[in-house]
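Chemist: Below: one structure in structure tokens.
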Amino acid sequence: MNKKIVVYVKNHCPYCNRAKALLEHKELKFETINLEGKEEEYVKLKKKTGMMTVPQIFIGETFIGGYTELAAFEATGELDKILHSV
């Protein structure tokens, strides 16, 4: 069973677009949360993850990082393992 995927993005973010494209290419369903104009929500997210940029990607309850980390997990085959682990 696939875990819920949530991608936090902002407008005009090339890495956000790449992350969404990678997930779409894998035909994965995901929720996009746009933080544009939601500075308080963005500050809370940055405090939670320690990451200062977008995209910020969660699979289930696990924060996996941004596009670079997502692409690395995909390249090594770890992404499928993360998605299907219990």
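For the structure tokens, the naming scheme is as follows: chains receive sequential letters (A, B, ...) according to their order of presentation, residues are indexed from 1 within each chain, and ligands are indexed from 1 in presentation order.
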Tell me, as JSON, numbers by chain, which residues lie within 10 Å of segment 3-10 of chain A, counting only C-alpha atoms; anything in the same chain fewer than 3 positions away does not count.
Modeler: {"A": [13, 14, 15, 16, 17, 19, 20, 23, 28, 29, 30, 31, 32, 33, 34, 35, 36, 37, 38, 42, 45, 53, 54, 55, 56, 57, 58, 59, 60, 61, 62, 63, 65, 66, 67, 82, 83, 84, 85, 86]}
Chemist: Since we have the selection now, will you write its residues out, keeping N, CA and C atoms, as a CSV table (one decimal), in the first residue's frame?
Modeler:
chain,number,residue,atom,x,y,z
A,13,CYS,N,9.0,27.9,-8.7
A,13,CYS,CA,10.1,27.2,-8.0
A,13,CYS,C,10.4,26.0,-9.0
A,14,PRO,N,11.5,26.1,-9.7
A,14,PRO,CA,11.9,25.0,-10.6
A,14,PRO,C,12.1,23.6,-10.0
A,15,TYR,N,12.6,23.6,-8.7
A,15,TYR,CA,12.8,22.3,-8.1
A,15,TYR,C,11.5,21.7,-7.6
A,16,CYS,N,10.5,22.6,-7.3
A,16,CYS,CA,9.1,22.1,-7.0
A,16,CYS,C,8.5,21.4,-8.2
A,17,ASN,N,8.7,22.1,-9.4
A,17,ASN,CA,8.2,21.5,-10.6
A,17,ASN,C,8.8,20.2,-10.9
A,19,ALA,N,10.2,18.1,-8.8
A,19,ALA,CA,9.7,17.0,-7.8
A,19,ALA,C,8.3,16.5,-8.3
A,20,LYS,N,7.4,17.4,-8.6
A,20,LYS,CA,6.1,17.0,-9.0
A,20,LYS,C,6.2,16.2,-10.3
A,23,LEU,N,7.3,12.6,-9.5
A,23,LEU,CA,6.2,11.9,-8.9
A,23,LEU,C,5.1,11.5,-10.0
A,28,LEU,N,2.4,8.5,-9.3
A,28,LEU,CA,2.1,8.5,-7.9
A,28,LEU,C,1.1,9.6,-7.6
A,29,LYS,N,0.2,9.4,-6.7
A,29,LYS,CA,-0.8,10.4,-6.3
A,29,LYS,C,-0.1,11.2,-5.2
A,30,PHE,N,-0.2,12.5,-5.2
A,30,PHE,CA,0.3,13.3,-4.1
A,30,PHE,C,-0.5,14.6,-3.9
A,31,GLU,N,-0.4,15.1,-2.7
A,31,GLU,CA,-1.0,16.4,-2.4
A,31,GLU,C,0.0,17.5,-2.5
A,32,THR,N,-0.4,18.6,-3.1
A,32,THR,CA,0.5,19.7,-3.2
A,32,THR,C,-0.1,20.8,-2.3
A,33,ILE,N,0.8,21.4,-1.4
A,33,ILE,CA,0.4,22.5,-0.6
A,33,ILE,C,1.2,23.7,-0.9
A,34,ASN,N,0.6,24.7,-1.5
A,34,ASN,CA,1.3,25.9,-1.9
A,34,ASN,C,1.4,26.8,-0.8
A,35,LEU,N,2.7,27.2,-0.4
A,35,LEU,CA,2.9,28.1,0.7
A,35,LEU,C,3.0,29.5,0.3
A,36,GLU,N,2.8,29.9,-0.9
A,36,GLU,CA,2.9,31.2,-1.4
A,36,GLU,C,1.9,32.1,-0.6
A,37,GLY,N,2.4,33.1,0.0
A,37,GLY,CA,1.5,34.1,0.8
A,37,GLY,C,1.1,33.5,2.2
A,38,LYS,N,1.7,32.4,2.6
A,38,LYS,CA,1.4,31.7,3.9
A,38,LYS,C,2.6,31.7,4.7
A,42,TYR,N,4.8,28.6,6.5
A,42,TYR,CA,6.1,28.3,6.0
A,42,TYR,C,7.2,28.3,7.1
A,45,LEU,N,6.8,25.2,9.1
A,45,LEU,CA,7.4,24.0,8.4
A,45,LEU,C,8.9,24.0,8.5
A,53,THR,N,14.3,25.7,2.3
A,53,THR,CA,13.9,25.9,0.9
A,53,THR,C,12.7,24.9,0.6
A,54,VAL,N,12.1,25.1,-0.5
A,54,VAL,CA,11.1,24.2,-1.0
A,54,VAL,C,11.6,23.6,-2.3
A,55,PRO,N,11.1,22.5,-2.7
A,55,PRO,CA,10.0,21.8,-2.1
A,55,PRO,C,10.4,21.1,-0.8
A,56,GLN,N,9.5,20.8,0.0
A,56,GLN,CA,9.7,19.9,1.2
A,56,GLN,C,8.7,18.8,1.0
A,57,ILE,N,9.2,17.6,1.1
A,57,ILE,CA,8.4,16.4,0.7
A,57,ILE,C,8.3,15.4,1.9
A,58,PHE,N,7.1,15.0,2.1
A,58,PHE,CA,6.8,14.0,3.2
A,58,PHE,C,6.2,12.8,2.5
A,59,ILE,N,6.7,11.6,2.9
A,59,ILE,CA,6.0,10.4,2.5
A,59,ILE,C,5.5,9.7,3.8
A,60,GLY,N,4.2,9.6,4.0
A,60,GLY,CA,3.7,9.3,5.2
A,60,GLY,C,4.0,10.4,6.2
A,61,GLU,N,4.5,10.0,7.4
A,61,GLU,CA,4.9,10.9,8.4
A,61,GLU,C,6.4,11.3,8.3
A,62,THR,N,7.1,10.7,7.3
A,62,THR,CA,8.5,10.9,7.2
A,62,THR,C,8.9,12.0,6.3
A,63,PHE,N,9.7,12.9,6.7
A,63,PHE,CA,10.2,14.0,5.9
A,63,PHE,C,11.4,13.4,5.1
A,65,GLY,N,13.0,15.3,2.5
A,65,GLY,CA,13.8,16.3,2.0
A,65,GLY,C,13.2,17.0,0.9
A,66,GLY,N,14.0,17.5,-0.1
A,66,GLY,CA,13.5,18.2,-1.2
A,66,GLY,C,13.7,17.4,-2.5
A,67,TYR,N,13.8,18.1,-3.6
A,67,TYR,CA,13.9,17.5,-4.9
A,67,TYR,C,15.2,16.6,-5.0
A,82,ILE,N,10.7,3.0,0.3
A,82,ILE,CA,10.1,3.9,1.2
A,82,ILE,C,8.6,3.9,1.0
A,83,LEU,N,8.2,4.0,-0.2
A,83,LEU,CA,6.7,4.1,-0.5
A,83,LEU,C,6.0,2.8,0.0
A,84,HIS,N,6.6,1.7,-0.1
A,84,HIS,CA,5.9,0.4,0.1
A,84,HIS,C,6.3,-0.2,1.5
A,85,SER,N,7.1,0.5,2.3
A,85,SER,CA,7.4,-0.1,3.6
A,85,SER,C,6.2,0.1,4.5
A,86,VAL,N,6.1,-0.7,5.5
A,86,VAL,CA,5.0,-0.7,6.4
A,86,VAL,C,5.3,0.2,7.6
Chemist: Could you find all residues in segment 5-46 of chain A that DSSP calls alpha helix (DSSP H) from the backbone, and write them as a short mmCIF file (atom, residue, chain, number, x, y, z; two decimals) with C-alpha atoms, in the first residue's frame?
Modeler:
data_model
loop_
_atom_site.label_atom_id
_atom_site.label_comp_id
_atom_site.auth_asym_id
_atom_site.auth_seq_id
_atom_site.Cartn_x
_atom_site.Cartn_y
_atom_site.Cartn_z
CA PRO A 14 11.88 25.00 -10.61
CA TYR A 15 12.79 22.33 -8.07
CA CYS A 16 9.15 22.11 -6.98
CA ASN A 17 8.17 21.51 -10.61
CA ARG A 18 10.87 18.84 -10.98
CA ALA A 19 9.71 17.05 -7.84
CA LYS A 20 6.09 17.03 -9.02
CA ALA A 21 7.16 15.86 -12.49
CA LEU A 22 9.15 12.96 -11.01
CA LEU A 23 6.17 11.86 -8.91
CA GLU A 24 3.80 12.23 -11.87
CA HIS A 25 6.18 10.22 -14.08
CA GLU A 39 4.49 32.93 5.63
CA GLU A 40 3.41 31.77 9.10
CA GLU A 41 2.77 28.24 7.83
CA TYR A 42 6.12 28.28 5.97
CA VAL A 43 7.99 29.37 9.12
CA LYS A 44 6.40 26.51 11.09
CA LEU A 45 7.37 24.02 8.40
CA LYS A 46 10.98 25.28 8.33
#
Chemist: What is the distance between atom CA of Leu79 of chain A and atom CA of Met51 of chain A, in Å to one decimal?
Modeler: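 Interatomic distance, atom CA of Leu79 of chain A to atom CA of Met51 of chain A: 19.8 Å.
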Chemist: Could you tell me, as a PyMOL selection string, which residues of chain A DSSP assigns to strand (DSSP E or B) when given the backbone?
Modeler: chain A and resi 5-9+31-34+56-59+62-65
Chemist: How about saving the chosen residues, C-alpha atoms kept, as an mmCIF file, in the first residue's frame?
Modeler:
data_model
loop_
_atom_site.group_PDB
_atom_site.id
_atom_site.type_symbol
_atom_site.label_atom_id
_atom_site.label_comp_id
_atom_site.auth_asym_id
_atom_site.auth_seq_id
_atom_site.Cartn_x
_atom_site.Cartn_y
_atom_site.Cartn_z
ATOM 1 C CA ILE A 5 2.791 11.935 -0.296
ATOM 2 C CA VAL A 6 2.672 15.658 0.479
ATOM 3 C CA VAL A 7 4.767 18.205 -1.409
ATOM 4 C CA TYR A 8 5.068 21.739 -0.026
ATOM 5 C CA VAL A 9 5.806 24.219 -2.822
ATOM 6 C CA GLU A 31 -1.033 16.370 -2.401
ATOM 7 C CA THR A 32 0.499 19.739 -3.209
ATOM 8 C CA ILE A 33 0.375 22.456 -0.576
ATOM 9 C CA ASN A 34 1.310 25.880 -1.937
ATOM 10 C CA GLN A 56 9.662 19.913 1.160
ATOM 11 C CA ILE A 57 8.418 16.380 0.686
ATOM 12 C CA PHE A 58 6.807 14.029 3.169
ATOM 13 C CA ILE A 59 6.029 10.387 2.536
ATOM 14 C CA THR A 62 8.532 10.862 7.203
ATOM 15 C CA PHE A 63 10.234 13.997 5.903
ATOM 16 C CA ILE A 64 12.466 12.912 3.042
ATOM 17 C CA GLY A 65 13.849 16.331 2.021
#
Chemist: For atom CA of Met52 of chain A and atom CA of Glu27 of chain A, determine how far apart the two atoms are, in Å to one decimal place.
Modeler: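 Interatomic distance here is 27.8 Å.
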